[in-house]
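**Q** My questions will all concern the structure given below.
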Amino acid sequence: MKIKFLGTGAAEGVPAMFCSCDYCRNIRSLGEREYRTRSQVLIDGNVSVDFPPEAYAHSLKFGIELSDLKTIFVTHSHMDHFYAHDFILRGYKYARLGSNVLNIYGNSEVKKVFDECTAREMKPEVSPHISVTEVKPFQVFNADGYRVITIPANHSKTEDALLYYIEKDGKGYLHLYDTGRVSDKSFDFLAQNGAKANLVCFDCTFVESVGGENSRHMGIEDDMLMKQKLLSRGIIDNNTKLVISHFSHNSNPMREKLAHIEKQYAVIAAYDGYETEI
């Protein structure tokens, strides 16, 4: 399973779109190496976790063929994770591709956002080739050759935001952001359904700050607490790759700063374009 982190920033990006704080000014002066676009993870070249406004820019920068996408797992309906307007361009005179269907999985709000954003411009030649399937927390299902387990994210009071365990050929990827601390019930459900993650990616929006019990995001100490809960249930082991991502500009996620965290906590700080294999 090949995993590529196309975007590793939080909703506002790094530097933040409209921000002139000292952090953002410094990052702009340092250039593209320190930039972080909105979050997107590509698996095996044809599966995407989330689809942000930068998906097209990601495809250009990293040589991704968006026409190859077969499946998109959407965590929640927030714009930085699901930019549905672009799907009107998947066919008609905008794109020449085969008859393959793009399968989008997400909660009921994701379906509503898709319908709202495409209502005005969706062509009848395009719509039959995009399928949006509603999924809920605590489901186990198969999607295009992958076994998928959903658990609830601790993120939104207005929708059932989702986290995904995605497995193929005995390899598992556990996607734990956009979220605060994950419940014991959720980790128990993963364990009961045989989840064995070779790589887990944690929300680390706050970097060195602690999110705590009721936060919608996490920092590295929250991540380490989640790590111990995953270890105790056998979902991960000492060979599992631990990745942190989804960084906010407010936490000043400079590569030099994150390198110290990598060393101290034995994690990998993802950056835009980071690629690994499990």
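Identifiers for the structure tokens are assigned positionally: chains receive A, B, ... in sequence, residues are indexed from 1 per chain, and ligands are indexed from 1 in the order shown.
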Counting only C-alpha atoms, what is within 9 Å of Glu208 of chain A, bar same-chain residues fewer than 3 positions away, as a list in words?

**A**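 The residues that qualify are Cys204, Gly219, Ile220, Glu221, Ser251 and Ile261 of chain A.
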
**Q** Contacts of His129 of chain A at 7 Å or less, counting only C-alpha atoms, minus same-chain residues fewer than 6 places along, as a ChimeraX atom specification?

**A** /A:99-102

**Q** Let me see the file: selected residues, N, CA, C and O atoms, as a compact mmCIF listing (two decimals), in the first residue's frame.

**A**
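Here's the written file again-v6.txt:
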# COMPACT_ATOMS: atom_id res chain seq x y z
N SER A 99 -16.03 4.90 -18.77
CA SER A 99 -17.34 4.84 -18.11
C SER A 99 -17.23 4.48 -16.64
O SER A 99 -18.24 4.19 -16.00
N ASN A 100 -15.99 4.50 -16.09
CA ASN A 100 -15.83 4.09 -14.69
C ASN A 100 -16.53 5.07 -13.76
O ASN A 100 -16.59 6.28 -13.99
N VAL A 101 -17.05 4.54 -12.68
CA VAL A 101 -17.78 5.33 -11.69
C VAL A 101 -16.85 5.72 -10.56
O VAL A 101 -16.06 4.91 -10.06
N LEU A 102 -16.90 6.99 -10.16
CA LEU A 102 -16.18 7.47 -8.99
C LEU A 102 -17.08 7.28 -7.78
O LEU A 102 -18.19 7.82 -7.73

**Q** Enter the distance from atom CA of Ser48 of chain A to atom CA of Leu60 of chain A, in Å, rounded to one decimal.

**A**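 For atom CA of Ser48 of chain A relative to atom CA of Leu60 of chain A, the distance reads 15.6 Å.
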
**Q** Could you give me, as a Markdown table, every segment 43-153 of chain A residue with an atom at most 10 Å from segment 183-195 of chain A, plus its closest atom pair and distance in Å to one decimal, counting only C-alpha atoms, rows ordered by chain then number?

**A**
| residue | atom | partner | partner_atom | distance |
| --- | --- | --- | --- | --- |
| A:Pro137 | CA | A:Ser186 | CA | 8.9 |
| A:Phe138 | CA | A:Phe189 | CA | 7.1 |
| A:Gln139 | CA | A:Phe189 | CA | 9.4 |
| A:Val140 | CA | A:Asn193 | CA | 8.1 |
| A:Arg147 | CA | A:Ala195 | CA | 9.8 |
| A:Val148 | CA | A:Ala195 | CA | 9.5 |
| A:Ile149 | CA | A:Leu190 | CA | 7.3 |
| A:Thr150 | CA | A:Leu190 | CA | 8.5 |
| A:Ile151 | CA | A:Ser186 | CA | 5.7 |
| A:Pro152 | CA | A:Ser186 | CA | 7.0 |
| A:Ala153 | CA | A:Ser183 | CA | 8.7 |

**Q** If we count only C-alpha atoms and set the cut-off at 12 Å, which residues sit around Lys2 of chain A, ignoring sequence neighbours fewer than 3 positions away in its own chain? Please answer as a ChimeraX atom specification.

**A** /A:5,41-48,167-168,171-173,198-199,274-278

**Q** What is the atom CA of His85 of chain A-atom CA of Ile64 of chain A distance in Å, reported with one decimal?

**A**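 So the two atoms, atom CA of His85 of chain A and atom CA of Ile64 of chain A, lie 19.1 Å apart.
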
**Q** Report, in Å to a single decimal, how far apart atom CA of Glu121 of chain A and atom CA of Asp160 of chain A are.

**A** 27.5 Å

**Q** List the neighbours of Phe114 of chain A out to 12 Å using only C-alpha atoms; skip same-chain residues closer than 6 positions along the sequence, and give me the result as a VMD selection string.

**A** chain A and resid 51 74 76 to 79 82 to 88 104 to 108 120 to 122 127 130 to 134

**Q** Restricting the calculation to only C-alpha atoms, which member of A:Thr37, A:Thr158, A:Gln228, A:Asn103 is positioned closest to Lys61 of chain A?

**A** A:Thr37

**Q** So which residues touch segment 20-31 of chain A within 8 Å, counting only C-alpha atoms, skipping near sequence neighbours fewer than 6 positions away, as a PyMOL selection string?

**A** chain A and resi 14+249-250+252+254

**Q** Would you write out those residues with all heavy atoms, as a PDB file, in the first residue's frame?

**A**
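Below you can see result.pdb, which holds the result:
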ATOM      1  N   VAL A  14      -1.074  26.737   5.593  1.00  0.00           N
ATOM      2  CA  VAL A  14       0.133  27.293   6.218  1.00  0.00           C
ATOM      3  C   VAL A  14       1.041  27.803   5.108  1.00  0.00           C
ATOM      4  O   VAL A  14       1.524  27.003   4.312  1.00  0.00           O
ATOM      5  CB  VAL A  14       0.875  26.232   7.060  1.00  0.00           C
ATOM      6  CG1 VAL A  14       2.109  26.840   7.714  1.00  0.00           C
ATOM      7  CG2 VAL A  14      -0.049  25.613   8.118  1.00  0.00           C
ATOM      8  N   HIS A 249      -1.422  26.973  11.319  1.00  0.00           N
ATOM      9  CA  HIS A 249      -0.426  28.046  11.309  1.00  0.00           C
ATOM     10  C   HIS A 249      -0.199  28.601  12.710  1.00  0.00           C
ATOM     11  O   HIS A 249       0.890  29.089  13.024  1.00  0.00           O
ATOM     12  CB  HIS A 249      -0.870  29.174  10.367  1.00  0.00           C
ATOM     13  CG  HIS A 249      -1.834  30.142  10.970  1.00  0.00           C
ATOM     14  ND1 HIS A 249      -3.175  29.858  11.128  1.00  0.00           N
ATOM     15  CD2 HIS A 249      -1.651  31.389  11.458  1.00  0.00           C
ATOM     16  CE1 HIS A 249      -3.768  30.896  11.686  1.00  0.00           C
ATOM     17  NE2 HIS A 249      -2.875  31.835  11.903  1.00  0.00           N
ATOM     18  N   ASN A 250      -1.232  28.525  13.582  1.00  0.00           N
ATOM     19  CA  ASN A 250      -1.112  29.044  14.942  1.00  0.00           C
ATOM     20  C   ASN A 250      -0.061  28.320  15.766  1.00  0.00           C
ATOM     21  O   ASN A 250       0.407  28.840  16.775  1.00  0.00           O
ATOM     22  CB  ASN A 250      -2.462  28.955  15.658  1.00  0.00           C
ATOM     23  CG  ASN A 250      -3.493  29.886  15.066  1.00  0.00           C
ATOM     24  OD1 ASN A 250      -3.289  31.084  14.986  1.00  0.00           O
ATOM     25  ND2 ASN A 250      -4.621  29.321  14.635  1.00  0.00           N
ATOM     26  N   ASN A 252       2.837  27.274  14.425  1.00  0.00           N
ATOM     27  CA  ASN A 252       4.131  27.517  13.789  1.00  0.00           C
ATOM     28  C   ASN A 252       4.829  26.211  13.410  1.00  0.00           C
ATOM     29  O   ASN A 252       5.916  25.892  13.918  1.00  0.00           O
ATOM     30  CB  ASN A 252       5.035  28.340  14.716  1.00  0.00           C
ATOM     31  CG  ASN A 252       6.274  28.862  14.004  1.00  0.00           C
ATOM     32  OD1 ASN A 252       6.278  29.046  12.786  1.00  0.00           O
ATOM     33  ND2 ASN A 252       7.335  29.093  14.760  1.00  0.00           N
ATOM     34  N   MET A 254       7.000  24.802  11.622  1.00  0.00           N
ATOM     35  CA  MET A 254       8.212  24.853  10.809  1.00  0.00           C
ATOM     36  C   MET A 254       8.877  23.487  10.791  1.00  0.00           C
ATOM     37  O   MET A 254       8.837  22.746  11.780  1.00  0.00           O
ATOM     38  CB  MET A 254       9.176  25.881  11.381  1.00  0.00           C
ATOM     39  CG  MET A 254       8.611  27.295  11.449  1.00  0.00           C
ATOM     40  SD  MET A 254       8.565  28.054   9.834  1.00  0.00           S
ATOM     41  CE  MET A 254      10.314  28.239   9.530  1.00  0.00           C
TER      42      MET A 254
END

**Q** From a DSSP pass on the backbone, collect the residues of segment 31-267 of chain A flagged as helix (DSSP H, G or I) and hand them back as a ChimeraX atom specification.

**A** /A:32-34,55-62,66-68,84-89,108-118,127-129,184-192,220-232,249-251,255-265

**Q** A:Ser248, A:Thr240, A:Thr71, A:Ser232: which is nearest Tyr146 of chain A, counting only C-alpha atoms?

**A** A:Thr71

**Q** Using only C-alpha atoms, which protein or nucleic acid residues come within 12 Å of His81 of chain A? Drop anything in the same chain fewer than 3 positions from it, and give the result as a ChimeraX atom specification.

**A** /A:7-13,37-41,48-55,72-78,84,106,110,113,161-162,177-178,246

**Q** Taking N, CA, C and O atoms for each residue, export the selection above as a tab-separated table (two decimals), in the first residue's frame.

**A**
chain	number	residue	atom	x	y	z
A	7	GLY	N	-1.47	17.05	1.00
A	7	GLY	CA	-1.62	18.27	1.77
A	7	GLY	C	-1.60	17.95	3.24
A	7	GLY	O	-2.15	16.92	3.67
A	8	THR	N	-0.97	18.81	4.05
A	8	THR	CA	-0.78	18.49	5.48
A	8	THR	C	-1.16	19.65	6.40
A	8	THR	O	-0.80	19.66	7.56
A	9	GLY	N	-1.88	20.63	5.87
A	9	GLY	CA	-2.27	21.78	6.67
A	9	GLY	C	-3.70	21.69	7.16
A	9	GLY	O	-4.51	20.89	6.67
A	10	ALA	N	-4.02	22.52	8.14
A	10	ALA	CA	-5.38	22.64	8.64
A	10	ALA	C	-6.21	23.51	7.68
A	10	ALA	O	-5.75	23.87	6.59
A	11	ALA	N	-7.40	23.90	8.09
A	11	ALA	CA	-8.37	24.53	7.20
A	11	ALA	C	-7.84	25.79	6.53
A	11	ALA	O	-8.12	26.04	5.35
A	12	GLU	N	-7.06	26.58	7.25
A	12	GLU	CA	-6.62	27.87	6.74
A	12	GLU	C	-5.35	27.79	5.91
A	12	GLU	O	-4.94	28.75	5.27
A	13	GLY	N	-4.71	26.60	5.90
A	13	GLY	CA	-3.43	26.44	5.22
A	13	GLY	C	-2.30	27.05	6.01
A	13	GLY	O	-2.50	27.75	7.02
A	37	THR	N	-0.64	22.86	2.29
A	37	THR	CA	-1.98	23.01	1.73
A	37	THR	C	-2.97	22.18	2.54
A	37	THR	O	-2.59	21.42	3.45
A	38	ARG	N	-4.25	22.31	2.20
A	38	ARG	CA	-5.28	21.59	2.94
A	38	ARG	C	-5.15	20.08	2.74
A	38	ARG	O	-4.68	19.60	1.72
A	39	SER	N	-5.60	19.34	3.73
A	39	SER	CA	-5.27	17.92	3.87
A	39	SER	C	-5.90	17.03	2.80
A	39	SER	O	-7.09	17.12	2.51
A	40	GLN	N	-5.06	16.16	2.25
A	40	GLN	CA	-5.49	15.11	1.33
A	40	GLN	C	-4.46	13.99	1.38
A	40	GLN	O	-3.25	14.25	1.36
A	41	VAL	N	-4.93	12.75	1.46
A	41	VAL	CA	-4.06	11.58	1.47
A	41	VAL	C	-4.45	10.69	0.29
A	41	VAL	O	-5.63	10.37	0.10
A	48	SER	N	-8.55	8.34	-2.47
A	48	SER	CA	-8.23	9.58	-1.76
A	48	SER	C	-9.02	9.65	-0.47
A	48	SER	O	-10.22	9.35	-0.44
A	49	VAL	N	-8.34	10.05	0.61
A	49	VAL	CA	-9.04	10.40	1.83
A	49	VAL	C	-9.20	11.92	1.82
A	49	VAL	O	-8.21	12.66	1.90
A	50	ASP	N	-10.43	12.36	1.65
A	50	ASP	CA	-10.82	13.76	1.49
A	50	ASP	C	-10.45	14.31	0.12
A	50	ASP	O	-9.65	13.71	-0.62
A	51	PHE	N	-11.08	15.43	-0.19
A	51	PHE	CA	-10.90	16.06	-1.51
A	51	PHE	C	-11.00	17.57	-1.30
A	51	PHE	O	-12.07	18.16	-1.41
A	52	PRO	N	-9.87	18.23	-1.00
A	52	PRO	CA	-9.89	19.65	-0.64
A	52	PRO	C	-9.91	20.55	-1.86
A	52	PRO	O	-9.80	20.08	-3.01
A	53	PRO	N	-10.01	21.86	-1.67
A	53	PRO	CA	-9.97	22.79	-2.80
A	53	PRO	C	-8.67	22.70	-3.60
A	53	PRO	O	-8.66	23.04	-4.78
A	54	GLU	N	-7.60	22.22	-2.98
A	54	GLU	CA	-6.31	22.11	-3.66
A	54	GLU	C	-6.12	20.82	-4.44
A	54	GLU	O	-5.04	20.58	-4.98
A	55	ALA	N	-7.14	19.98	-4.53
A	55	ALA	CA	-6.96	18.69	-5.20
A	55	ALA	C	-6.39	18.84	-6.61
A	55	ALA	O	-5.50	18.09	-7.02
A	72	ILE	N	-13.24	7.89	-3.04
A	72	ILE	CA	-12.91	8.97	-2.11
A	72	ILE	C	-13.64	8.70	-0.80
A	72	ILE	O	-14.87	8.54	-0.78
A	73	PHE	N	-12.88	8.63	0.28
A	73	PHE	CA	-13.46	8.53	1.61
A	73	PHE	C	-13.41	9.91	2.25
A	73	PHE	O	-12.34	10.47	2.44
A	74	VAL	N	-14.57	10.46	2.55
A	74	VAL	CA	-14.67	11.82	3.07
A	74	VAL	C	-14.90	11.78	4.57
A	74	VAL	O	-15.83	11.11	5.04
A	75	THR	N	-14.08	12.51	5.31
A	75	THR	CA	-14.19	12.50	6.76
A	75	THR	C	-15.39	13.30	7.25
A	75	THR	O	-16.08	12.90	8.18
A	76	HIS	N	-15.64	14.46	6.61
A	76	HIS	CA	-16.77	15.30	6.98
A	76	HIS	C	-16.96	16.37	5.93
A	76	HIS	O	-16.17	16.48	4.99
A	77	SER	N	-18.00	17.17	6.09
A	77	SER	CA	-18.43	18.05	5.01
A	77	SER	C	-17.73	19.41	4.98
A	77	SER	O	-18.00	20.20	4.07
A	78	HIS	N	-16.88	19.71	5.94
A	78	HIS	CA	-16.23	21.02	5.96
A	78	HIS	C	-15.45	21.24	4.66
A	78	HIS	O	-14.82	20.32	4.13
A	84	ALA	N	-16.86	20.02	-3.17
A	84	ALA	CA	-17.67	19.23	-4.10
A	84	ALA	C	-17.89	19.89	-5.45
A	84	ALA	O	-18.25	19.21	-6.42
A	106	GLY	N	-19.27	9.01	2.47
A	106	GLY	CA	-19.26	10.03	3.51
A	106	GLY	C	-20.57	10.02	4.27
A	106	GLY	O	-21.50	9.25	3.96
A	110	VAL	N	-22.20	15.13	3.96
A	110	VAL	CA	-21.39	15.07	2.74
A	110	VAL	C	-22.30	14.92	1.53
A	110	VAL	O	-22.11	15.59	0.50
A	113	VAL	N	-24.00	18.28	0.91
A	113	VAL	CA	-23.08	19.25	0.33
A	113	VAL	C	-22.83	18.93	-1.15
A	113	VAL	O	-22.80	19.84	-1.99
A	161	ALA	N	-18.92	13.23	11.90
A	161	ALA	CA	-17.61	13.19	11.27
A	161	ALA	C	-17.00	11.81	11.47
A	161	ALA	O	-17.18	11.18	12.52
A	162	LEU	N	-16.24	11.35	10.46
A	162	LEU	CA	-15.77	9.97	10.43
A	162	LEU	C	-14.25	9.87	10.43
A	162	LEU	O	-13.56	10.74	9.91
A	177	TYR	N	-7.54	11.91	11.78
A	177	TYR	CA	-7.79	13.36	11.80
A	177	TYR	C	-8.87	13.65	10.78
A	177	TYR	O	-9.11	12.86	9.88
A	178	ASP	N	-9.59	14.64	10.92
A	178	ASP	CA	-9.71	15.81	11.75
A	178	ASP	C	-10.44	15.41	13.03
A	178	ASP	O	-11.64	15.19	13.00
A	246	HIS	N	-1.91	17.57	9.62
A	246	HIS	CA	-3.00	18.51	9.82
A	246	HIS	C	-2.57	19.64	10.78
A	246	HIS	O	-3.18	19.88	11.80
